[in-house]
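Read through the structure below, which is laid out as structure tokens, and then see the notes.
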Amino acid sequence: MNFKSLERILVAFVCILVFLMLAKCTVIFENSRIARAKIRINNMSKLAFAYYQKNNAMETMQNADVWEDDLCTAATFYRYWVRPGQAPGQVDLVATRCSSGGMPPNTTRPYNLYLSCDYGTGQNNWHCSYQDNGSACFGLTK
């Protein structure tokens with residue numbers, strides 16, 4: 001085996017390692033974005049609960065009531081919004097991953113990460129679903 005063959009093997013090995021590291025880093029970065037989104041949704045839930053205590057209903061709740069604007073901006077990875085539920089105390093607090101217009105890199109497969117809150121029963125559940133086919137994501141139910 002000559003020196004050039006050894007160089008090629010070494011370069012191929014390094015390329016494989018770099019590829020594996022990049023894949024792992026992508027997962028780590030997305031998990032950190034999800035953690036940030038959950039913190040922001042938890043803050044939204046406190047404002048939503050205050051809204052429920054004042055109005056005893058969620059049907060008329062707007063994004064502004066939880067200080068959100070439903071926009072992907074250059075400073076965010078998600079757009080945050082509210083989806084009133086069927087019963088008076090129910091609401092979904094949603095973070096939709098930006099596919100364009102958000103802080104780079106945008107995702108190629110948008111998903112909705114959301115907290116379903118039922119302030120009447122006190123039950124809250126995390127959910128996640130991809131927008132393209134509605135399947136569950138990140139180990140959460142859809």
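Convention: chains lettered A, B, ... in structure tokens order; per-chain residue numbering from 1; ligands numbered from 1 as shown.
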
message: So that I can see what lies close to Phe77 of chain A, please list as a PyMOL selection string the residues with an atom at most 6 Å from it, counting only C-alpha atoms and leaving out residues fewer than 2 positions away in the same chain.
response: chain A and resi 98+102-103

query: Tell me, which residues of chain A carry DSSP helix (DSSP H, G or I), written as a PyMOL selection string?
result: chain A and resi 3-55+63-66

message: Applying 6 Å and only C-alpha atoms, which residues near segment 78-89 of chain A remain after dropping the ones on its own chain fewer than 4 positions away? List them as a list of chain:residue names.
response: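 Close residues of segment 78-89 of chain A: A:Ala57, A:Met58, A:Glu59, A:Asn63, A:Asp70, A:Leu71, A:Cys72, A:Leu93, A:Val94, A:Ala95, A:Thr96, A:Arg97, A:Cys98, A:Asp118, A:Tyr119, A:Gly120.
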
- request: Quick one: pull the distance between atom CA of Gly134 of chain A and atom CA of Ala74 of chain A, Å, one decimal.
  value: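 Value for the atom CA of Gly134 of chain A-atom CA of Ala74 of chain A distance: 26.4 Å.
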
field: Nearest to Ala37 of chain A, chosen from A:Phe19, A:Tyr114, A:Phe13, A:Phe49, with only C-alpha atoms counted in the distances
entry: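 Closest residue, counting only C-alpha atoms: A:Tyr114.
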
task: Just list the residues in segment 42-83 of chain A DSSP gives strand (DSSP E) on the backbone, as an MDAnalysis selection string.
output: chainID A and resid 78:83
